[in-house]
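Trainee: File follows, query24.csv with CSV, C-alpha atoms:
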chain,number,residue,atom,x,y,z
A,1,MET,CA,53.8,161.2,114.2
A,2,THR,CA,54.0,162.2,110.6
A,3,ARG,CA,53.6,159.8,107.7
A,4,LYS,CA,57.3,160.5,106.8
A,5,THR,CA,58.4,159.5,110.2
A,6,LEU,CA,56.4,156.3,110.1
A,7,ALA,CA,58.0,155.4,106.7
A,8,ILE,CA,61.5,155.9,108.2
A,9,LEU,CA,60.7,153.8,111.2
A,10,ALA,CA,59.3,151.0,109.0
A,11,ALA,CA,62.5,151.1,106.8
A,12,VAL,CA,64.8,150.9,109.9
A,13,SER,CA,62.7,148.0,111.2
A,14,ALA,CA,63.1,146.2,108.0
A,15,VAL,CA,66.8,146.6,107.9
A,16,LEU,CA,67.1,145.5,111.5
A,17,LEU,CA,65.0,142.4,110.8
A,18,GLY,CA,67.1,141.5,107.8
A,19,ALA,CA,70.3,141.9,109.9
A,20,GLY,CA,68.8,139.7,112.6
A,21,ILE,CA,67.9,137.0,110.1
A,22,SER,CA,71.4,137.2,108.6
A,23,LEU,CA,73.0,137.0,112.0
A,24,PHE,CA,70.9,134.1,113.0
A,25,ALA,CA,71.8,132.2,109.8
A,26,HIS,CA,75.5,133.0,110.4
A,27,ARG,CA,75.3,131.7,113.9
A,28,SER,CA,73.4,128.6,112.8
A,29,SER,CA,76.2,127.9,110.2
A,30,GLU,CA,78.9,128.4,112.9
A,31,GLN,CA,77.0,126.1,115.3
A,32,SER,CA,76.8,123.4,112.6
A,33,GLU,CA,80.6,123.4,112.6
A,34,GLN,CA,81.3,123.4,116.2
A,35,ALA,CA,83.4,120.7,117.9
A,36,GLY,CA,81.8,117.2,117.3
A,37,ALA,CA,79.7,118.4,114.4
A,38,SER,CA,79.7,116.4,111.1
A,39,LEU,CA,81.4,118.4,108.3
A,40,PHE,CA,79.1,117.0,105.6
A,41,PRO,CA,75.9,115.8,107.4
A,42,ASP,CA,74.0,115.2,104.1
A,43,LEU,CA,76.7,113.2,102.3
A,44,GLN,CA,75.9,109.9,103.9
A,45,ALA,CA,72.4,109.8,102.3
A,46,SER,CA,73.9,110.4,98.8
A,47,LEU,CA,76.8,108.0,99.1
A,48,ASP,CA,75.4,105.5,96.7
A,49,GLU,CA,74.7,108.2,94.1
A,50,VAL,CA,78.3,109.5,94.1
A,51,SER,CA,79.6,109.3,90.5
A,52,GLU,CA,82.8,111.3,90.6
A,53,ILE,CA,85.5,112.5,92.9
A,54,ARG,CA,87.9,115.2,91.7
A,55,LEU,CA,91.3,116.0,93.3
A,56,SER,CA,93.3,119.0,92.1
A,57,LYS,CA,96.1,121.3,93.0
A,58,GLY,CA,97.1,124.8,91.8
A,59,ASP,CA,100.2,123.3,90.0
A,60,GLY,CA,97.9,121.5,87.6
A,61,SER,CA,98.2,118.0,89.0
A,62,ARG,CA,94.8,116.3,88.9
A,63,THR,CA,93.0,113.0,89.4
A,64,THR,CA,89.4,112.3,88.4
A,65,LEU,CA,87.9,109.2,89.9
A,66,ARG,CA,84.8,108.1,88.0
A,67,LYS,CA,82.2,105.5,88.9
A,68,GLU,CA,81.4,103.3,85.9
A,69,SER,CA,79.5,100.0,85.4
A,70,GLY,CA,82.6,98.0,86.1
A,71,GLY,CA,83.6,100.0,89.2
A,72,TRP,CA,85.8,103.0,89.8
A,73,SER,CA,88.4,104.2,87.3
A,74,VAL,CA,91.1,106.8,87.1
A,75,VAL,CA,90.2,108.9,84.1
A,76,GLU,CA,93.7,110.3,83.5
A,77,ARG,CA,95.1,106.8,83.1
A,78,GLN,CA,92.0,105.1,81.6
A,79,PHE,CA,92.6,102.3,84.1
A,80,PRO,CA,90.7,100.7,87.0
A,81,ALA,CA,91.1,102.5,90.3
A,82,ASP,CA,91.9,101.0,93.7
A,83,SER,CA,88.3,100.7,94.9
A,84,ALA,CA,89.4,100.1,98.5
A,85,ARG,CA,91.2,103.4,98.6
A,86,VAL,CA,88.3,105.2,96.9
A,87,ARG,CA,86.0,103.8,99.5
A,88,GLU,CA,88.3,104.8,102.3
A,89,LEU,CA,88.3,108.4,101.1
A,90,LEU,CA,84.5,108.5,100.8
A,91,LEU,CA,84.0,107.0,104.2
A,92,GLY,CA,86.5,109.4,105.6
A,93,LEU,CA,84.6,112.4,104.2
A,94,VAL,CA,81.3,111.0,105.5
A,95,GLY,CA,82.7,110.5,109.0
A,96,MET,CA,84.6,113.8,109.1
A,97,LYS,CA,83.9,115.7,112.3
A,98,VAL,CA,85.1,119.1,113.5
A,99,VAL,CA,87.6,119.0,116.3
A,100,GLU,CA,87.8,122.8,116.6
A,101,LEU,CA,87.4,125.9,114.4
A,102,LYS,CA,90.6,127.6,113.3
A,103,THR,CA,91.6,130.8,111.6
A,104,SER,CA,89.2,132.9,109.5
A,105,ASP,CA,91.9,135.3,108.4
A,106,PRO,CA,92.9,134.7,104.8
A,107,ALA,CA,96.4,136.0,105.6
A,108,ASN,CA,96.9,132.9,107.8
A,109,TYR,CA,95.4,130.3,105.5
A,110,ALA,CA,98.8,129.3,104.0
A,111,LYS,CA,100.0,128.3,107.5
A,112,LEU,CA,97.4,125.5,107.5
A,113,ALA,CA,97.6,125.0,103.7
A,114,VAL,CA,93.9,125.8,103.3
A,115,GLU,CA,94.4,128.7,100.9
A,116,ALA,CA,92.6,128.6,97.5
A,117,PRO,CA,94.4,126.0,95.3
A,118,ASP,CA,94.6,128.4,92.4
A,119,THR,CA,98.4,129.1,92.2
A,120,ALA,CA,101.3,126.8,91.5
A,121,THR,CA,102.7,127.5,95.0
A,122,ALA,CA,99.5,126.7,96.9
A,123,ALA,CA,100.0,123.6,99.2
A,124,SER,CA,96.2,122.9,99.4
A,125,THR,CA,94.2,120.3,97.5
A,126,LEU,CA,90.7,120.8,96.3
A,127,VAL,CA,88.4,117.7,96.7
A,128,GLU,CA,85.0,117.7,95.0
A,129,VAL,CA,82.5,114.9,95.5
A,130,VAL,CA,79.8,114.8,92.9
A,131,ALA,CA,76.4,113.1,93.1
A,132,GLY,CA,73.9,114.1,90.4
A,133,LYS,CA,73.6,117.9,90.4
A,134,LYS,CA,74.9,118.2,94.0
A,135,SER,CA,78.6,118.5,95.0
A,136,TRP,CA,80.6,118.7,98.2
A,137,PRO,CA,83.8,120.8,97.8
A,138,LEU,CA,86.5,120.9,100.4
A,139,ILE,CA,90.0,122.4,100.6
A,140,VAL,CA,92.3,120.0,102.3
A,141,GLY,CA,95.4,121.3,104.0
A,142,ARG,CA,98.2,120.1,106.2
A,143,ASN,CA,98.0,116.9,108.3
A,144,ALA,CA,98.0,117.6,112.1
A,145,GLU,CA,98.3,115.5,115.2
A,146,GLY,CA,98.5,112.3,113.1
A,147,ARG,CA,94.8,111.5,112.8
A,148,ALA,CA,93.6,115.0,112.1
A,149,ILE,CA,93.8,117.4,109.2
A,150,TYR,CA,93.1,121.1,108.5
A,151,VAL,CA,90.3,121.9,106.0
A,152,ARG,CA,88.2,124.7,104.8
A,153,LYS,CA,85.0,124.8,102.7
A,154,PRO,CA,85.6,127.2,99.8
A,155,ALA,CA,82.6,129.3,100.6
A,156,ASP,CA,83.5,129.7,104.3
A,157,LYS,CA,86.0,132.0,105.9
A,158,ALA,CA,86.6,129.8,108.9
A,159,SER,CA,89.0,126.8,108.6
A,160,ALA,CA,88.8,123.8,110.9
A,161,LEU,CA,90.7,121.0,112.4
A,162,VAL,CA,88.8,117.8,111.6
A,163,GLU,CA,89.1,114.0,112.1
A,164,PRO,CA,89.8,111.6,110.4
A,165,ALA,CA,92.7,112.7,108.2
A,166,VAL,CA,92.2,111.6,104.6
A,167,ALA,CA,94.7,111.0,101.8
A,168,VAL,CA,94.0,113.3,98.8
A,169,ASP,CA,97.2,113.1,96.7
A,170,PRO,CA,96.1,114.2,93.2
A,171,ASP,CA,98.8,112.2,91.4
A,172,PRO,CA,96.8,109.7,89.3
A,173,LYS,CA,99.2,106.8,89.8
A,174,ARG,CA,98.4,106.9,93.5
A,175,TRP,CA,94.8,105.8,92.8
A,176,ILE,CA,95.2,103.1,90.1
A,177,ASP,CA,94.7,99.4,91.1
A,178,ARG,CA,98.4,98.5,90.9
A,179,GLN,CA,98.2,94.8,91.3
A,180,LEU,CA,99.2,93.2,88.0
A,181,THR,CA,99.1,89.5,89.1
A,182,ASP,CA,99.3,87.4,92.2
A,183,LEU,CA,100.3,84.0,90.9
A,184,ARG,CA,101.8,81.3,93.2
A,185,GLY,CA,105.2,80.1,92.2
A,186,ASP,CA,104.3,76.4,92.6
A,187,ALA,CA,101.5,76.9,90.0
A,188,VAL,CA,104.1,77.7,87.3
A,189,HIS,CA,104.9,74.8,84.9
A,190,ASP,CA,107.6,76.6,82.9
A,191,VAL,CA,109.3,80.0,82.3
A,192,SER,CA,111.0,80.7,79.0
A,193,VAL,CA,113.2,83.8,78.8
A,194,LYS,CA,114.7,85.4,75.7
A,195,PRO,CA,116.8,88.4,76.7
A,196,ALA,CA,117.5,91.2,74.1
A,197,SER,CA,121.1,90.1,74.2
A,198,GLY,CA,122.5,86.7,75.2
A,199,PRO,CA,121.1,83.2,74.9
A,200,ALA,CA,117.6,82.1,75.6
A,201,TYR,CA,116.7,79.5,78.2
A,202,LEU,CA,113.9,77.5,79.7
A,203,LEU,CA,113.0,76.6,83.3
A,204,SER,CA,110.4,73.9,83.7
A,205,ARG,CA,108.9,71.3,86.0
A,206,ALA,CA,107.8,67.8,84.8
A,207,LYS,CA,104.6,67.6,86.9
A,208,ARG,CA,102.5,69.2,89.6
A,209,GLY,CA,104.0,69.1,93.0
A,210,ASP,CA,107.6,69.2,91.8
A,211,THR,CA,109.6,71.6,93.9
A,212,ASP,CA,112.5,72.5,91.7
A,213,LEU,CA,112.7,74.0,88.2
A,214,GLU,CA,115.1,72.4,85.7
A,215,LEU,CA,117.3,74.7,83.6
A,216,SER,CA,118.0,74.0,79.9
A,217,PRO,CA,120.1,74.2,77.9
A,218,ILE,CA,123.1,74.2,80.1
A,219,PRO,CA,126.3,75.4,78.3
A,220,LYS,CA,129.0,72.8,78.0
A,221,GLY,CA,131.4,72.7,80.9
A,222,ARG,CA,129.0,74.8,83.2
A,223,LYS,CA,126.7,73.8,86.0
A,224,PRO,CA,123.4,75.4,87.1
A,225,ALA,CA,123.4,77.6,90.2
A,226,SER,CA,121.6,76.6,93.4
A,227,SER,CA,118.0,75.5,93.2
A,228,MET,CA,117.1,78.5,95.3
A,229,ALA,CA,118.4,80.9,92.7
A,230,ILE,CA,116.6,79.0,89.9
A,231,ASN,CA,113.3,78.4,91.7
A,232,GLY,CA,113.0,82.1,92.5
A,233,GLN,CA,112.2,82.8,88.8
A,234,ALA,CA,108.9,81.1,89.2
A,235,ASP,CA,107.9,83.7,91.8
A,236,GLY,CA,108.2,86.5,89.3
A,237,LEU,CA,104.4,86.9,89.1
A,238,THR,CA,103.7,86.6,92.8
A,239,ALA,CA,102.3,89.8,94.4
A,240,PHE,CA,103.4,91.6,91.3
A,241,ASN,CA,102.6,95.3,91.6
A,242,PHE,CA,103.4,98.0,89.1
A,243,ASP,CA,104.2,101.7,89.7
A,244,ASP,CA,102.3,103.4,86.8
A,245,VAL,CA,100.6,102.7,83.5
A,246,ARG,CA,100.6,104.4,80.1
A,247,ALA,CA,99.6,103.8,76.5
A,248,ALA,CA,102.1,101.6,74.7
A,249,PRO,CA,104.3,103.5,72.3
A,250,ALA,CA,103.2,103.7,68.7
A,251,THR,CA,106.6,102.5,67.5
A,252,ALA,CA,107.8,99.3,69.3
A,253,PRO,CA,111.3,99.5,70.8
A,254,LYS,CA,114.0,97.8,68.7
A,255,ALA,CA,115.6,95.8,71.5
A,256,VAL,CA,113.2,94.0,73.9
A,257,ASP,CA,113.4,91.3,76.5
A,258,ARG,CA,110.8,88.5,76.5
A,259,ALA,CA,109.6,86.1,79.1
A,260,THR,CA,106.7,83.7,79.1
A,261,PHE,CA,105.2,82.1,82.2
A,262,ARG,CA,102.9,79.1,81.7
A,263,THR,CA,101.0,77.5,84.5
A,264,PHE,CA,99.8,73.9,85.1
A,265,ASP,CA,96.2,75.1,84.7
A,266,GLY,CA,96.8,76.6,81.3
A,267,GLN,CA,97.4,80.3,82.0
A,268,VAL,CA,99.9,82.0,79.7
A,269,PHE,CA,101.6,85.3,80.5
A,270,GLU,CA,103.8,86.8,77.7
A,271,LEU,CA,105.9,89.7,79.0
A,272,THR,CA,107.7,92.0,76.6
A,273,GLY,CA,110.0,94.6,78.3
A,274,HIS,CA,112.4,97.5,77.7
A,275,LYS,CA,114.0,100.3,79.6
A,276,ASP,CA,113.5,103.9,78.8
A,277,GLY,CA,115.2,106.9,80.5
A,278,GLY,CA,116.1,104.9,83.7
A,279,LYS,CA,112.6,103.4,84.0
A,280,ALA,CA,111.5,99.8,83.1
A,281,TYR,CA,108.3,99.0,81.2
A,282,ILE,CA,106.5,95.8,80.3
A,283,SER,CA,103.6,95.0,78.1
A,284,VAL,CA,101.6,91.8,78.8
A,285,ASN,CA,99.6,89.4,76.7
A,286,ALA,CA,97.6,87.1,78.9
A,287,SER,CA,95.6,84.1,77.6
A,288,ARG,CA,94.6,80.5,78.4
A,289,ASP,CA,95.9,77.3,76.7
A,290,PRO,CA,93.3,74.5,77.2
A,291,ALA,CA,95.7,71.9,75.7
A,292,LEU,CA,98.4,72.8,78.3
A,293,ALA,CA,95.8,72.5,81.1
A,294,ALA,CA,94.6,69.1,79.7
A,295,GLN,CA,98.2,67.7,80.2
A,296,PHE,CA,98.1,68.4,83.9
A,297,PRO,CA,94.6,67.8,85.2
A,298,GLU,CA,93.8,68.7,88.8
A,299,PRO,CA,94.0,65.6,91.0
A,300,PRO,CA,90.5,64.3,91.8
A,301,VAL,CA,89.1,65.3,95.1
A,302,GLU,CA,88.6,62.3,97.2
A,303,LYS,CA,85.0,61.8,98.1
A,304,PRO,CA,84.3,60.6,101.6
A,305,ALA,CA,83.3,56.9,101.8
A,306,ALA,CA,79.6,56.1,102.2
A,307,PRO,CA,78.9,55.6,105.9
A,308,SER,CA,78.1,52.1,107.1
A,309,PRO,CA,74.6,51.3,108.5
A,310,ALA,CA,76.1,51.5,112.0
A,311,ALA,CA,77.8,54.8,111.3
A,312,ALA,CA,74.5,56.2,109.9
A,313,THR,CA,72.7,55.1,113.1
A,314,ASP,CA,75.4,56.8,115.2
A,315,ALA,CA,75.1,59.9,113.1
A,316,ALA,CA,71.4,60.1,113.9
A,317,LYS,CA,72.1,60.0,117.6
A,318,PRO,CA,72.3,63.3,119.6
A,319,ALA,CA,75.9,64.6,119.8
A,320,THR,CA,77.7,63.8,123.0
A,321,PRO,CA,78.4,67.0,124.9
A,322,GLY,CA,82.0,68.1,124.5
A,323,ALA,CA,82.6,65.8,121.5
A,324,THR,CA,84.6,67.1,118.6
A,325,PRO,CA,82.4,67.3,115.4
A,326,ALA,CA,83.6,65.5,112.3
A,327,PRO,CA,85.4,67.9,109.9
A,328,ALA,CA,83.4,69.3,107.0
A,329,ALA,CA,84.3,68.4,103.4
A,330,ALA,CA,86.7,70.9,101.9
A,331,PRO,CA,85.1,73.3,99.5
A,332,ALA,CA,86.0,73.1,95.8
A,333,LYS,CA,89.1,75.1,94.9
A,334,PRO,CA,88.2,78.2,92.9
A,335,ALA,CA,89.8,78.6,89.5
A,336,ASP,CA,92.7,81.0,89.2
A,337,ARG,CA,91.5,83.9,87.1
A,338,ASN,CA,94.7,86.0,86.8
A,339,ALA,CA,94.9,85.6,83.1
A,340,GLU,CA,91.3,86.7,82.4
A,341,ARG,CA,91.6,89.7,84.8
A,342,LEU,CA,94.8,90.8,83.2
A,343,ALA,CA,93.6,90.3,79.6
A,344,ALA,CA,90.7,92.5,80.2
A,345,ARG,CA,92.8,95.5,81.3
A,346,SER,CA,96.2,95.2,79.6
A,347,ASN,CA,95.5,95.7,75.9
A,348,GLY,CA,97.4,98.6,74.4
A,349,LEU,CA,99.1,99.5,77.6
A,350,GLU,CA,102.5,99.1,79.2
A,351,PHE,CA,103.3,99.1,82.9
A,352,GLU,CA,106.1,100.8,84.6
A,353,ILE,CA,107.6,98.3,87.1
A,354,PRO,CA,110.5,98.6,89.6
A,355,LEU,CA,113.9,98.1,88.1
A,356,TYR,CA,114.8,95.3,90.5
A,357,LYS,CA,111.6,93.5,89.5
A,358,TYR,CA,112.5,93.9,85.8
A,359,ASP,CA,116.0,92.5,86.3
A,360,SER,CA,114.6,89.5,88.3
A,361,ILE,CA,112.2,88.5,85.5
A,362,PHE,CA,114.6,88.9,82.5
A,363,LYS,CA,117.7,87.4,84.1
A,364,PRO,CA,120.5,86.6,81.7
A,365,LEU,CA,121.4,82.9,81.6
A,366,GLU,CA,124.8,83.7,83.2
A,367,ASP,CA,123.0,84.6,86.5
A,368,LEU,CA,121.6,81.0,86.7
A,369,LEU,CA,124.9,79.3,86.3
A,370,GLU,CA,127.7,78.7,88.8
A,371,LYS,CA,130.5,81.1,88.5
A,372,LYS,CA,133.3,80.1,86.2
A,373,PRO,CA,136.4,79.0,88.1
A,374,GLU,CA,139.1,81.6,88.4
A,375,PRO,CA,142.1,80.8,86.1
A,376,ALA,CA,145.1,79.4,87.8
A,377,PRO,CA,147.8,81.9,88.4
A,378,LYS,CA,150.7,81.6,86.0
A,379,ALA,CA,153.8,80.0,87.5
A,380,ALA,CA,156.7,82.4,88.1
A,381,LYS,CA,159.6,81.9,85.7
Give the structure from this file in structure tokens form.
Mentor:
Amino acid sequence: MTRKTLAILAAVSAVLLGAGISLFAHRSSEQSEQAGASLFPDLQASLDEVSEIRLSKGDGSRTTLRKESGGWSVVERQFPADSARVRELLLGLVGMKVVELKTSDPANYAKLAVEAPDTATAASTLVEVVAGKKSWPLIVGRNAEGRAIYVRKPADKASALVEPAVAVDPDPKRWIDRQLTDLRGDAVHDVSVKPASGPAYLLSRAKRGDTDLELSPIPKGRKPASSMAINGQADGLTAFNFDDVRAAPATAPKAVDRATFRTFDGQVFELTGHKDGGKAYISVNASRDPALAAQFPEPPVEKPAAPSPAAATDAAKPATPGATPAPAAAPAKPADRNAERLAARSNGLEFEIPLYKYDSIFKPLEDLLEKKPEPAPKAAK
């Protein structure tokens, strides 16, 4: 065997060895994504280090979720994110397992919406989880079979059906923490309303525990509507969610509606509203009035009476089997912090709210009065 032949054989062997290694690596990669395999097996260990999640589509819609000292925020809105929803997304990605491999043909990607999200017509969404210098990208496609979803890693040809399905809408308003306040109606002492047009009015309660609000002033010759219609105004800040948030306009609108809610514990919520292009917006100034709170102190919590010597002796005895234990003392009621929470996140912003909610807060006085009697028909001549 000549030296030239030996060299050729050595070169062929090297090529075959390289091909074998490549095939082995390819098969190992495929095996890692077989049914039941975790899609991101190393994400769990880095979960606490995740600092950013990016969601984007080819049409330019984008949401950036960033972890900051105070929690998660939506960068595009400069507003706190719904941390529960962010956590749900992360845990969904960590727990994501392959149900079965799907198409590897790029011509078929669009059927599953796992094509590259680089055109305006692409239905796919790119999700990027970032922790330090490491990232986990994933193209998320159509939902399938309710709890499953089609996905593809950008570097892979093969797509897959995985569980659980995750919500990856890149619209920023889907990720903001949309609760403005959650204030009980019975905590409200008074509501003053000054519509942009029409008379101002006040709804108030004299003391804690009063059920009904009193309306004033009442126009001469008119009567207030039912207590149900009037009392509903106090619930305006209960489970109050908004739709979106934006920077307040540099120039304030000329005509605005105003409403101020004051609570027995001294919280004050000043709402200024206007409508723009078929949408309703409010800005909020939240504060606390110690003088108001001092007028309506919380009733003292009754302390249990000191036990008598006989009762103390009985208490030291072993409990009788089956006996009902004495109820524990009620814990102290936590202070309502709606005002402080809102003051920390509402400066310089205005919130888009549903039109029906806007109209219920800034009701005209006429809506709180009984309807005027119909004029008597004129007698026929």
Trainee: Using only C-alpha atoms, find the one residue out of A:Ser287, A:Ser83, A:Asn347, A:Asn338 that sits nearest to Trp175 of chain A.
Mentor: A:Ser83
Trainee: Extract, using only C-alpha atoms, all DNA, RNA and protein residues at most 6 Å from Leu202 of chain A, discarding same-chain residues fewer than 3 positions from it, and format them as JSON, numbers by chain.
Mentor: {"A": [191, 192, 215, 216]}
Trainee: Tell me, counting all atoms listed in the file, for each residue of segment 145-205 of chain A within 12 Å of segment 268-281 of chain A, which pair of atoms is nearest and how far apart they are in Å to one decimal, in rows ordered by chain and increasing number, as a Markdown table.
Mentor:
| residue | atom | partner | partner_atom | distance |
| --- | --- | --- | --- | --- |
| A:Leu180 | CA | A:Phe269 | CA | 11.2 |
| A:Thr181 | CA | A:Phe269 | CA | 9.9 |
| A:Leu183 | CA | A:Phe269 | CA | 10.6 |
| A:Ala187 | CA | A:Val268 | CA | 11.6 |
| A:Val188 | CA | A:Val268 | CA | 9.7 |
| A:His189 | CA | A:Val268 | CA | 10.2 |
| A:Asp190 | CA | A:Val268 | CA | 9.9 |
| A:Val191 | CA | A:Phe269 | CA | 9.5 |
| A:Ser192 | CA | A:Glu270 | CA | 9.5 |
| A:Val193 | CA | A:Leu271 | CA | 9.4 |
| A:Lys194 | CA | A:Thr272 | CA | 9.7 |
| A:Pro195 | CA | A:Gly273 | CA | 9.3 |
| A:Ala196 | CA | A:His274 | CA | 8.9 |
| A:Ser197 | CA | A:His274 | CA | 11.9 |
Trainee: Would you work out the distance separating atom CA of Ser61 of chain A from atom CA of Arg174 of chain A, expressed in Å to one decimal?
Mentor: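 It comes out at 12.0 Å.
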Trainee: Can you tell me, as a PyMOL selection string, what residues are no more than 12 Å from Gln295 of chain A when counting only C-alpha atoms, ignoring any on the same chain fewer than 4 positions away?
Mentor: chain A and resi 189+206-208+263-266+289-291+299
Trainee: Residues within 8 Å of Asp212 of chain A, please, as an mmCIF file with C-alpha atoms, in the coordinates of the input. Count all atoms listed in the file; anything in the same chain fewer than 6 positions from it doesn't count.
Mentor:
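Saved file around-v1.cif follows:
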data_model
loop_
_atom_site.group_PDB
_atom_site.id
_atom_site.type_symbol
_atom_site.label_atom_id
_atom_site.label_comp_id
_atom_site.auth_asym_id
_atom_site.auth_seq_id
_atom_site.Cartn_x
_atom_site.Cartn_y
_atom_site.Cartn_z
ATOM 1 C CA ARG A 205 108.900 71.300 86.000
ATOM 2 C CA SER A 227 118.000 75.500 93.200
ATOM 3 C CA ILE A 230 116.600 79.000 89.900
ATOM 4 C CA ASN A 231 113.300 78.400 91.700
#
Trainee: Please report the interatomic distance between atom CA of Ala248 of chain A and atom CA of Ala344 of chain A in Å with one decimal.
Mentor: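 Atom CA of Ala248 of chain A sits 15.6 Å away from atom CA of Ala344 of chain A.
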Trainee: Which is closest to Lys157 of chain A among A:Ala131, A:Val245, A:Ala35, A:Ala107, if we use all atoms listed in the file?
Mentor: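 Among A:Ala131, A:Val245, A:Ala35, A:Ala107, it is A:Ala107 that comes nearest to Lys157 of chain A.
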Trainee: Of the residues A:Tyr358, A:Phe261, A:Tyr150, A:Phe40, which is the one nearest to Ser204 of chain A, using all atoms listed in the file?
Mentor: A:Phe261
Trainee: Go through A:Asp243, A:Glu370, A:Asp336, A:Glu115 one by one, measure the shortest atom-to-atom distance of each to Ile353 of chain A using all atoms listed in the file, and give the residue with the smallest value.
Mentor: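 Ranked by minimum distance to Ile353 of chain A, first place goes to A:Asp243.
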Trainee: Which value, in Å to one decimal, gives the distance between atom CA of Arg142 of chain A and atom CA of Ile176 of chain A?
Mentor: 23.6 Å
Trainee: Excluding same-chain residues fewer than 5 positions from Ser346 of chain A, what lies within 9 Å of it counting all atoms listed in the file, as a list of chain:residue names?
Mentor: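 Counting only the stated atoms, we get A:Ser283, A:Val284, A:Asn285, A:Ala286, A:Arg341, A:Phe351.
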Trainee: Counting only C-alpha atoms, find the residues whose atoms lie at most 12 Å from (124.6, 83.9, 73.8) (file coordinates) and write them out as a list of chain:residue names.
Mentor: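 Checked against the point, the hits come out as A:Lys194, A:Pro195, A:Ala196, A:Ser197, A:Gly198, A:Pro199, A:Ala200, A:Tyr201, A:Pro217, A:Ile218, A:Pro219, A:Pro364, A:Leu365, A:Glu366.
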